[in-house]
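The file final-v5.cif contains mmCIF, C-alpha atoms:
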data_run
#
loop_
_atom_site.group_PDB
_atom_site.id
_atom_site.type_symbol
_atom_site.label_atom_id
_atom_site.label_comp_id
_atom_site.auth_asym_id
_atom_site.auth_seq_id
_atom_site.Cartn_x
_atom_site.Cartn_y
_atom_site.Cartn_z
ATOM 1 C CA MET A 1 -85.437 130.830 -67.834
ATOM 2 C CA ALA A 2 -88.811 129.197 -67.665
ATOM 3 C CA MET A 3 -90.972 126.104 -67.520
ATOM 4 C CA HIS A 4 -92.023 124.993 -70.998
ATOM 5 C CA TYR A 5 -94.926 122.596 -71.580
ATOM 6 C CA ILE A 6 -94.672 120.291 -74.597
ATOM 7 C CA GLU A 7 -98.262 119.168 -75.022
ATOM 8 C CA PRO A 8 -98.600 115.658 -76.457
ATOM 9 C CA ARG A 9 -100.197 115.091 -79.844
ATOM 10 C CA LEU A 10 -101.062 111.471 -79.020
ATOM 11 C CA ASN A 11 -103.701 111.108 -76.326
ATOM 12 C CA TYR A 12 -101.831 108.236 -74.628
ATOM 13 C CA ASP A 13 -98.482 110.075 -74.442
ATOM 14 C CA SER A 14 -97.358 111.780 -71.259
ATOM 15 C CA ASN A 15 -96.935 115.491 -70.866
ATOM 16 C CA VAL A 16 -93.331 116.596 -71.370
ATOM 17 C CA PHE A 17 -91.744 119.564 -69.615
ATOM 18 C CA LEU A 18 -88.553 121.469 -70.332
ATOM 19 C CA ILE A 19 -87.044 123.658 -67.607
ATOM 20 C CA THR A 20 -84.505 126.166 -68.863
ATOM 21 C CA GLY A 21 -81.867 127.998 -66.860
ATOM 22 C CA ASP A 22 -78.146 127.567 -66.278
ATOM 23 C CA GLU A 23 -78.922 123.982 -67.312
ATOM 24 C CA ASN A 24 -81.751 122.787 -69.540
ATOM 25 C CA ILE A 25 -83.612 119.844 -68.001
ATOM 26 C CA LEU A 26 -86.192 117.667 -69.711
ATOM 27 C CA VAL A 27 -88.830 115.957 -67.581
ATOM 28 C CA ASP A 28 -90.425 112.834 -69.080
ATOM 29 C CA ALA A 29 -90.253 111.694 -72.675
ATOM 30 C CA GLY A 30 -93.540 110.151 -73.846
ATOM 31 C CA THR A 31 -94.047 106.689 -75.327
ATOM 32 C CA GLY A 32 -91.526 107.231 -78.091
ATOM 33 C CA PHE A 33 -94.169 106.773 -80.788
ATOM 34 C CA ASP A 34 -94.010 110.536 -81.465
ATOM 35 C CA VAL A 35 -90.472 111.236 -80.276
ATOM 36 C CA GLY A 36 -89.576 113.188 -83.421
ATOM 37 C CA TYR A 37 -92.158 115.790 -82.428
ATOM 38 C CA ASN A 38 -90.721 116.026 -78.913
ATOM 39 C CA ILE A 39 -87.167 116.395 -80.210
ATOM 40 C CA ALA A 40 -88.235 119.100 -82.667
ATOM 41 C CA SER A 41 -90.096 120.910 -79.870
ATOM 42 C CA ILE A 42 -87.021 120.793 -77.637
ATOM 43 C CA ARG A 43 -84.834 122.132 -80.460
ATOM 44 C CA GLU A 44 -87.291 124.951 -81.063
ATOM 45 C CA ILE A 45 -87.069 126.010 -77.406
ATOM 46 C CA VAL A 46 -83.335 125.647 -76.706
ATOM 47 C CA GLY A 47 -81.774 125.790 -80.171
ATOM 48 C CA GLY A 48 -78.181 124.648 -80.152
ATOM 49 C CA GLU A 49 -77.937 124.643 -76.355
ATOM 50 C CA GLY A 50 -79.503 121.197 -76.166
ATOM 51 C CA ILE A 51 -80.431 119.647 -72.842
ATOM 52 C CA GLN A 52 -77.992 118.741 -70.104
ATOM 53 C CA ARG A 53 -80.027 116.060 -68.354
ATOM 54 C CA ALA A 54 -83.324 114.222 -68.560
ATOM 55 C CA ILE A 55 -85.367 113.305 -65.498
ATOM 56 C CA LEU A 56 -88.168 110.727 -65.505
ATOM 57 C CA THR A 57 -90.959 110.921 -62.939
ATOM 58 C CA HIS A 58 -91.470 107.162 -63.086
ATOM 59 C CA CYS A 59 -90.785 104.121 -65.242
ATOM 60 C CA HIS A 60 -94.054 103.587 -67.150
ATOM 61 C CA ILE A 61 -93.592 103.334 -70.898
ATOM 62 C CA ASP A 62 -95.829 106.319 -71.678
ATOM 63 C CA HIS A 63 -93.279 108.486 -69.844
ATOM 64 C CA VAL A 64 -89.992 106.763 -70.726
ATOM 65 C CA GLY A 65 -90.377 105.210 -74.183
ATOM 66 C CA GLY A 66 -88.861 108.226 -75.925
ATOM 67 C CA ILE A 67 -85.809 108.462 -73.691
ATOM 68 C CA PRO A 68 -83.398 106.264 -75.692
ATOM 69 C CA ALA A 69 -83.882 108.426 -78.796
ATOM 70 C CA ILE A 70 -83.622 111.648 -76.767
ATOM 71 C CA VAL A 71 -80.405 110.505 -75.070
ATOM 72 C CA ARG A 72 -78.941 109.619 -78.471
ATOM 73 C CA GLU A 73 -79.996 112.980 -79.915
ATOM 74 C CA PHE A 74 -78.719 115.207 -77.104
ATOM 75 C CA GLY A 75 -76.057 113.067 -75.411
ATOM 76 C CA CYS A 76 -77.543 113.797 -71.995
ATOM 77 C CA PRO A 77 -77.624 111.520 -68.933
ATOM 78 C CA CYS A 78 -80.967 110.258 -67.660
ATOM 79 C CA TYR A 79 -82.153 110.079 -64.041
ATOM 80 C CA CYS A 80 -85.048 108.602 -62.040
ATOM 81 C CA GLY A 81 -85.927 107.429 -58.539
ATOM 82 C CA PRO A 82 -83.862 104.351 -57.582
ATOM 83 C CA ALA A 83 -86.516 101.619 -57.765
ATOM 84 C CA ASP A 84 -87.771 102.757 -61.178
ATOM 85 C CA ALA A 85 -84.249 103.437 -62.448
ATOM 86 C CA LEU A 86 -83.434 99.806 -61.646
ATOM 87 C CA ALA A 87 -86.463 98.638 -63.633
ATOM 88 C CA MET A 88 -85.228 100.590 -66.658
ATOM 89 C CA ARG A 89 -81.626 99.430 -66.299
ATOM 90 C CA THR A 90 -82.763 95.803 -66.261
ATOM 91 C CA GLY A 91 -85.517 96.159 -68.863
ATOM 92 C CA ASP A 92 -88.242 94.984 -66.461
ATOM 93 C CA GLN A 93 -91.172 94.980 -68.879
ATOM 94 C CA ASP A 94 -93.707 94.272 -66.124
ATOM 95 C CA ALA A 95 -92.724 97.330 -64.078
ATOM 96 C CA ILE A 96 -92.480 99.424 -67.252
ATOM 97 C CA VAL A 97 -95.890 98.088 -68.451
ATOM 98 C CA SER A 98 -94.557 98.225 -72.004
ATOM 99 C CA ARG A 99 -96.705 95.379 -73.288
ATOM 100 C CA LEU A 100 -99.849 97.376 -72.557
ATOM 101 C CA TYR A 101 -98.671 99.539 -75.447
ATOM 102 C CA GLY A 102 -97.597 96.649 -77.690
ATOM 103 C CA THR A 103 -93.900 97.403 -77.389
ATOM 104 C CA GLU A 104 -90.812 96.632 -75.307
ATOM 105 C CA PHE A 105 -88.379 98.961 -73.587
ATOM 106 C CA PRO A 106 -84.664 98.189 -73.967
ATOM 107 C CA ALA A 107 -82.462 98.061 -70.895
ATOM 108 C CA THR A 108 -81.197 101.644 -70.609
ATOM 109 C CA VAL A 109 -78.604 103.429 -68.486
ATOM 110 C CA VAL A 110 -80.510 105.455 -65.891
ATOM 111 C CA HIS A 111 -78.962 107.065 -62.814
ATOM 112 C CA ASP A 112 -80.522 107.218 -59.354
ATOM 113 C CA LEU A 113 -81.910 110.407 -57.827
ATOM 114 C CA ALA A 114 -81.753 110.690 -54.042
ATOM 115 C CA ASP A 115 -84.741 111.822 -52.026
ATOM 116 C CA GLY A 116 -84.259 115.469 -51.100
ATOM 117 C CA GLU A 117 -81.563 116.063 -53.705
ATOM 118 C CA VAL A 118 -81.574 119.626 -55.052
ATOM 119 C CA ILE A 119 -80.648 120.529 -58.622
ATOM 120 C CA ASP A 120 -79.828 124.229 -58.753
ATOM 121 C CA ILE A 121 -79.995 125.737 -62.243
ATOM 122 C CA GLY A 122 -79.987 129.388 -61.241
ATOM 123 C CA ALA A 123 -83.541 130.596 -61.690
ATOM 124 C CA HIS A 124 -84.872 127.254 -60.438
ATOM 125 C CA ARG A 125 -83.983 125.043 -57.462
ATOM 126 C CA LEU A 126 -85.484 121.646 -58.162
ATOM 127 C CA ARG A 127 -85.970 119.404 -55.134
ATOM 128 C CA ILE A 128 -86.443 115.691 -55.821
ATOM 129 C CA LEU A 129 -89.129 114.065 -53.679
ATOM 130 C CA HIS A 130 -89.641 110.313 -53.637
ATOM 131 C CA THR A 131 -93.388 109.728 -53.987
ATOM 132 C CA PRO A 132 -94.056 106.001 -54.440
ATOM 133 C CA GLY A 133 -97.554 104.685 -54.914
ATOM 134 C CA HIS A 134 -98.280 104.904 -58.620
ATOM 135 C CA THR A 135 -95.032 102.977 -59.093
ATOM 136 C CA ALA A 136 -92.474 101.711 -56.606
ATOM 137 C CA GLY A 137 -89.987 104.486 -57.363
ATOM 138 C CA GLY A 138 -91.921 107.494 -58.622
ATOM 139 C CA ILE A 139 -90.793 111.031 -57.889
ATOM 140 C CA CYS A 140 -92.165 114.557 -57.902
ATOM 141 C CA ILE A 141 -90.045 117.626 -58.615
ATOM 142 C CA TYR A 142 -90.657 120.781 -56.575
ATOM 143 C CA ASP A 143 -89.250 124.127 -57.677
ATOM 144 C CA GLU A 144 -88.373 125.942 -54.464
ATOM 145 C CA VAL A 145 -88.153 129.264 -56.346
ATOM 146 C CA THR A 146 -91.512 129.293 -58.159
ATOM 147 C CA GLY A 147 -93.566 126.873 -56.064
ATOM 148 C CA ASN A 148 -94.303 124.760 -59.144
ATOM 149 C CA LEU A 149 -94.695 121.011 -58.677
ATOM 150 C CA ILE A 150 -94.131 118.501 -61.457
ATOM 151 C CA SER A 151 -96.231 115.694 -60.054
ATOM 152 C CA GLY A 152 -95.877 112.871 -62.573
ATOM 153 C CA ASP A 153 -98.790 110.475 -62.153
ATOM 154 C CA THR A 154 -99.087 111.057 -58.405
ATOM 155 C CA VAL A 155 -101.547 113.969 -58.611
ATOM 156 C CA PHE A 156 -103.502 115.310 -61.578
ATOM 157 C CA ALA A 157 -105.522 118.463 -62.137
ATOM 158 C CA PRO A 158 -107.784 116.951 -60.896
ATOM 159 C CA GLY A 159 -107.286 113.367 -59.692
ATOM 160 C CA ILE A 160 -104.652 110.939 -58.432
ATOM 161 C CA GLY A 161 -102.662 108.186 -60.099
ATOM 162 C CA ARG A 162 -103.881 104.621 -60.363
ATOM 163 C CA THR A 163 -102.345 102.053 -58.025
ATOM 164 C CA ASP A 164 -103.399 98.765 -59.601
ATOM 165 C CA LEU A 165 -100.349 98.246 -61.838
ATOM 166 C CA PRO A 166 -97.112 96.440 -60.796
ATOM 167 C CA GLY A 167 -95.390 98.364 -58.009
ATOM 168 C CA GLY A 168 -98.509 100.377 -57.201
ATOM 169 C CA SER A 169 -99.876 100.816 -53.678
ATOM 170 C CA PHE A 170 -102.797 102.915 -52.447
ATOM 171 C CA ASP A 171 -101.296 103.198 -48.967
ATOM 172 C CA ARG A 172 -98.028 104.487 -50.397
ATOM 173 C CA ILE A 173 -99.629 106.993 -52.756
ATOM 174 C CA ARG A 174 -101.752 108.206 -49.850
ATOM 175 C CA SER A 175 -98.592 108.817 -47.812
ATOM 176 C CA SER A 176 -96.916 110.492 -50.784
ATOM 177 C CA ILE A 177 -99.848 112.846 -51.322
ATOM 178 C CA ALA A 178 -99.858 113.717 -47.626
ATOM 179 C CA ARG A 179 -96.167 114.543 -47.885
ATOM 180 C CA ILE A 180 -96.318 116.821 -50.912
ATOM 181 C CA SER A 181 -99.492 118.535 -49.679
ATOM 182 C CA LYS A 182 -97.317 120.278 -47.073
ATOM 183 C CA LEU A 183 -95.434 122.163 -49.809
ATOM 184 C CA ASN A 184 -96.305 125.724 -50.765
ATOM 185 C CA ILE A 185 -97.549 124.826 -54.255
ATOM 186 C CA THR A 186 -98.338 127.415 -56.908
ATOM 187 C CA GLY A 187 -98.508 125.593 -60.241
ATOM 188 C CA LEU A 188 -99.254 121.903 -60.797
ATOM 189 C CA TYR A 189 -97.697 120.181 -63.807
ATOM 190 C CA PRO A 190 -98.938 116.576 -63.902
ATOM 191 C CA GLY A 191 -97.984 113.712 -66.163
ATOM 192 C CA HIS A 192 -101.246 113.769 -68.119
ATOM 193 C CA GLY A 193 -104.099 116.124 -68.773
ATOM 194 C CA ASP A 194 -104.384 119.782 -67.949
ATOM 195 C CA ILE A 195 -101.736 121.798 -66.172
ATOM 196 C CA SER A 196 -102.536 124.523 -63.629
ATOM 197 C CA ARG A 197 -100.203 127.523 -63.500
ATOM 198 C CA ASP A 198 -101.819 129.125 -60.445
ATOM 199 C CA ASN A 199 -104.204 126.760 -58.658
ATOM 200 C CA GLY A 200 -102.022 123.813 -57.753
ATOM 201 C CA ALA A 201 -102.889 124.058 -54.070
ATOM 202 C CA ASP A 202 -106.575 123.609 -54.892
ATOM 203 C CA TYR A 203 -105.873 120.364 -56.736
ATOM 204 C CA MET A 204 -103.730 119.132 -53.853
ATOM 205 C CA ARG A 205 -106.669 119.675 -51.501
ATOM 206 C CA MET A 206 -108.850 117.660 -53.883
ATOM 207 C CA ALA A 207 -106.253 114.872 -53.896
ATOM 208 C CA LEU A 208 -106.201 114.804 -50.109
ATOM 209 C CA ARG A 209 -109.972 114.371 -50.043
ATOM 210 C CA THR A 210 -109.727 111.608 -52.636
ATOM 211 C CA VAL A 211 -107.386 109.562 -50.444
ATOM 212 C CA GLY A 212 -109.386 110.291 -47.302
ATOM 213 C CA ILE A 213 -107.115 112.781 -45.568
#
Turn the structure described in the file into structure tokens.
Amino acid sequence: MAMHYIEPRLNYDSNVFLITGDENILVDAGTGFDVGYNIASIREIVGGEGIQRAILTHCHIDHVGGIPAIVREFGCPCYCGPADALAMRTGDQDAIVSRLYGTEFPATVVHDLADGEVIDIGAHRLRILHTPGHTAGGICIYDEVTGNLISGDTVFAPGIGRTDLPGGSFDRIRSSIARISKLNITGLYPGHGDISRDNGADYMRMALRTVGI
């Protein structure tokens, strides 16, 4: 029962995380350009158990492009915040920013995650927090047991997500950062770059300063 970090081999892919427990949950899926590596990494961690669900922190192609292949491979449902789930269900290429990567994302079945919803997998209690700003429907995932925060592209170690793409808003990301800064954060697991297993609170304080709080 643990948090596993699948480090990307392509510098434009997102980080991918696998949380194991009574259920195995994948968070984010990369662009899809290296999805075979991600699938092999998942198999190496969970063996024949597979994954029971996939959660996407937001709808940008560098986080979601691999999800169709992963859903086919493991037969698992996929979830995201409502606004971004809608973009993926309708194949909204502008919201998904797929053309920035020279590709298109097919309309895909994605289920909505409610704000405050808790997914209890035994050793981990994962609370879904709606954190718009980088996109219209981005989420963070807070483990109430360990204090770890999977922050997507809302907060990095260090930094904050850009807000100049479709659906982005500085005011909304500022409010989202203020919200999650109130959590008792131990580790920070962002969508790109370095992770921090112990100093997540320090990076949250940096993010607050960045947005002027």
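Candidate residues A:Pro190, A:Gly36, A:Gly47, A:Pro77 were compared for distance to A:Val109, and the nearest is A:Pro77, using all atoms listed in the file.
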Within 9 Å of stretch 140-160 of chain A, which residues of stretch 52-71 of chain A come that close, and what is the closest atom pair and distance in Å for each? Count all atoms listed in the file and give it as JSON lines.
{"residue": "A:Leu56", "atom": "CA", "partner": "A:Gly152", "partner_atom": "CA", "distance": 8.5}
{"residue": "A:Thr57", "atom": "CA", "partner": "A:Gly152", "partner_atom": "CA", "distance": 5.3}
{"residue": "A:His58", "atom": "CA", "partner": "A:Gly152", "partner_atom": "CA", "distance": 7.2}
{"residue": "A:His63", "atom": "CA", "partner": "A:Gly152", "partner_atom": "CA", "distance": 8.9}
Determine, counting all atoms listed in the file, which protein, DNA and RNA residues have an atom within 10 Å of an atom of A:Arg172; residues of the same chain fewer than 4 positions away are not included. Present the result as a list of chain:residue names.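 That gives A:Thr131, A:Pro132, A:Gly133, A:His134, A:Thr135, A:Ala136, A:Thr163, A:Gly168, A:Ser176, A:Ile177, A:Ala178.
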Measuring atom to atom with all atoms listed in the file, identify which of A:Gly81, A:Gly30, A:Gly21, A:Pro106 is nearest to A:His192.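 Between A:Gly81, A:Gly30, A:Gly21, A:Pro106, the residue approaching A:His192 most closely is A:Gly30.
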Fewer than 6 positions away in the same chain doesn't count, so skip those; otherwise give me all residues within 6 Å of A:Tyr79, counting only C-alpha atoms, as a ChimeraX atom specification. /A:55,110-112
Which of these residues is nearest to A:Leu100, using only C-alpha atoms: A:Ala54, A:Val118, A:Leu165, A:Cys78?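 The closest residue to A:Leu100 is A:Leu165.
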Give me stretch 185-196 of chain A with all heavy atoms filled in, as a PDB file, in the coordinates of the input.
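Saved file rebuild_39.pdb follows:
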ATOM      1  N   ILE A 185     -97.443 125.118 -52.825  1.00  0.00           N
ATOM      2  CA  ILE A 185     -97.549 124.826 -54.255  1.00  0.00           C
ATOM      3  C   ILE A 185     -98.301 125.950 -54.969  1.00  0.00           C
ATOM      4  O   ILE A 185     -99.388 126.344 -54.569  1.00  0.00           O
ATOM      5  CB  ILE A 185     -98.259 123.481 -54.487  1.00  0.00           C
ATOM      6  CG1 ILE A 185     -97.433 122.346 -53.882  1.00  0.00           C
ATOM      7  CG2 ILE A 185     -98.501 123.240 -55.973  1.00  0.00           C
ATOM      8  CD1 ILE A 185     -98.142 121.017 -53.856  1.00  0.00           C
ATOM      9  N   THR A 186     -97.692 126.418 -56.040  1.00  0.00           N
ATOM     10  CA  THR A 186     -98.338 127.415 -56.908  1.00  0.00           C
ATOM     11  C   THR A 186     -98.917 126.720 -58.135  1.00  0.00           C
ATOM     12  O   THR A 186    -100.122 126.583 -58.287  1.00  0.00           O
ATOM     13  CB  THR A 186     -97.328 128.500 -57.328  1.00  0.00           C
ATOM     14  OG1 THR A 186     -96.796 129.108 -56.160  1.00  0.00           O
ATOM     15  CG2 THR A 186     -97.999 129.549 -58.197  1.00  0.00           C
ATOM     16  N   GLY A 187     -98.070 126.266 -59.031  1.00  0.00           N
ATOM     17  CA  GLY A 187     -98.508 125.593 -60.241  1.00  0.00           C
ATOM     18  C   GLY A 187     -98.389 124.089 -60.116  1.00  0.00           C
ATOM     19  O   GLY A 187     -97.495 123.577 -59.426  1.00  0.00           O
ATOM     20  N   LEU A 188     -99.292 123.362 -60.780  1.00  0.00           N
ATOM     21  CA  LEU A 188     -99.254 121.903 -60.797  1.00  0.00           C
ATOM     22  C   LEU A 188     -99.082 121.452 -62.240  1.00  0.00           C
ATOM     23  O   LEU A 188     -99.894 121.796 -63.105  1.00  0.00           O
ATOM     24  CB  LEU A 188    -100.532 121.317 -60.201  1.00  0.00           C
ATOM     25  CG  LEU A 188    -100.546 119.797 -60.043  1.00  0.00           C
ATOM     26  CD1 LEU A 188     -99.578 119.360 -58.946  1.00  0.00           C
ATOM     27  CD2 LEU A 188    -101.950 119.285 -59.747  1.00  0.00           C
ATOM     28  N   TYR A 189     -98.040 120.651 -62.467  1.00  0.00           N
ATOM     29  CA  TYR A 189     -97.697 120.181 -63.807  1.00  0.00           C
ATOM     30  C   TYR A 189     -97.680 118.651 -63.792  1.00  0.00           C
ATOM     31  O   TYR A 189     -96.650 118.033 -63.567  1.00  0.00           O
ATOM     32  CB  TYR A 189     -96.335 120.746 -64.228  1.00  0.00           C
ATOM     33  CG  TYR A 189     -96.347 122.248 -64.404  1.00  0.00           C
ATOM     34  CD1 TYR A 189     -96.312 123.108 -63.311  1.00  0.00           C
ATOM     35  CD2 TYR A 189     -96.416 122.812 -65.673  1.00  0.00           C
ATOM     36  CE1 TYR A 189     -96.341 124.484 -63.470  1.00  0.00           C
ATOM     37  CE2 TYR A 189     -96.449 124.185 -65.846  1.00  0.00           C
ATOM     38  CZ  TYR A 189     -96.410 125.012 -64.746  1.00  0.00           C
ATOM     39  OH  TYR A 189     -96.440 126.385 -64.913  1.00  0.00           O
ATOM     40  N   PRO A 190     -98.839 118.035 -64.012  1.00  0.00           N
ATOM     41  CA  PRO A 190     -98.938 116.576 -63.902  1.00  0.00           C
ATOM     42  C   PRO A 190     -98.500 115.852 -65.164  1.00  0.00           C
ATOM     43  O   PRO A 190     -98.242 116.460 -66.213  1.00  0.00           O
ATOM     44  CB  PRO A 190    -100.428 116.360 -63.633  1.00  0.00           C
ATOM     45  CG  PRO A 190    -101.091 117.507 -64.328  1.00  0.00           C
ATOM     46  CD  PRO A 190    -100.133 118.666 -64.231  1.00  0.00           C
ATOM     47  N   GLY A 191     -98.458 114.529 -65.060  1.00  0.00           N
ATOM     48  CA  GLY A 191     -97.984 113.712 -66.163  1.00  0.00           C
ATOM     49  C   GLY A 191     -98.956 113.569 -67.306  1.00  0.00           C
ATOM     50  O   GLY A 191     -98.558 113.180 -68.417  1.00  0.00           O
ATOM     51  N   HIS A 192    -100.225 113.849 -67.078  1.00  0.00           N
ATOM     52  CA  HIS A 192    -101.246 113.769 -68.119  1.00  0.00           C
ATOM     53  C   HIS A 192    -102.283 114.852 -67.870  1.00  0.00           C
ATOM     54  O   HIS A 192    -102.459 115.322 -66.742  1.00  0.00           O
ATOM     55  CB  HIS A 192    -101.944 112.397 -68.111  1.00  0.00           C
ATOM     56  CG  HIS A 192    -101.030 111.252 -68.365  1.00  0.00           C
ATOM     57  ND1 HIS A 192    -100.678 110.845 -69.627  1.00  0.00           N
ATOM     58  CD2 HIS A 192    -100.381 110.436 -67.502  1.00  0.00           C
ATOM     59  CE1 HIS A 192     -99.855 109.811 -69.537  1.00  0.00           C
ATOM     60  NE2 HIS A 192     -99.657 109.546 -68.253  1.00  0.00           N
ATOM     61  N   GLY A 193    -102.979 115.208 -68.921  1.00  0.00           N
ATOM     62  CA  GLY A 193    -104.099 116.124 -68.773  1.00  0.00           C
ATOM     63  C   GLY A 193    -103.665 117.564 -68.598  1.00  0.00           C
ATOM     64  O   GLY A 193    -102.537 117.951 -68.915  1.00  0.00           O
ATOM     65  N   ASP A 194    -104.598 118.348 -68.070  1.00  0.00           N
ATOM     66  CA  ASP A 194    -104.384 119.782 -67.949  1.00  0.00           C
ATOM     67  C   ASP A 194    -103.296 120.109 -66.934  1.00  0.00           C
ATOM     68  O   ASP A 194    -103.098 119.373 -65.957  1.00  0.00           O
ATOM     69  CB  ASP A 194    -105.675 120.484 -67.516  1.00  0.00           C
ATOM     70  CG  ASP A 194    -106.754 120.427 -68.592  1.00  0.00           C
ATOM     71  OD1 ASP A 194    -106.404 120.257 -69.769  1.00  0.00           O
ATOM     72  OD2 ASP A 194    -107.945 120.542 -68.225  1.00  0.00           O
ATOM     73  N   ILE A 195    -102.621 121.230 -67.171  1.00  0.00           N
ATOM     74  CA  ILE A 195    -101.736 121.798 -66.172  1.00  0.00           C
ATOM     75  C   ILE A 195    -102.456 122.969 -65.506  1.00  0.00           C
ATOM     76  O   ILE A 195    -103.435 123.492 -66.043  1.00  0.00           O
ATOM     77  CB  ILE A 195    -100.409 122.262 -66.785  1.00  0.00           C
ATOM     78  CG1 ILE A 195    -100.627 123.432 -67.759  1.00  0.00           C
ATOM     79  CG2 ILE A 195     -99.704 121.099 -67.480  1.00  0.00           C
ATOM     80  CD1 ILE A 195     -99.349 124.073 -68.246  1.00  0.00           C
ATOM     81  N   SER A 196    -101.973 123.359 -64.326  1.00  0.00           N
ATOM     82  CA  SER A 196    -102.536 124.523 -63.629  1.00  0.00           C
ATOM     83  C   SER A 196    -101.377 125.418 -63.223  1.00  0.00           C
ATOM     84  O   SER A 196    -100.544 125.028 -62.406  1.00  0.00           O
ATOM     85  CB  SER A 196    -103.330 124.090 -62.398  1.00  0.00           C
ATOM     86  OG  SER A 196    -103.766 125.230 -61.677  1.00  0.00           O
TER      87      SER A 196
END
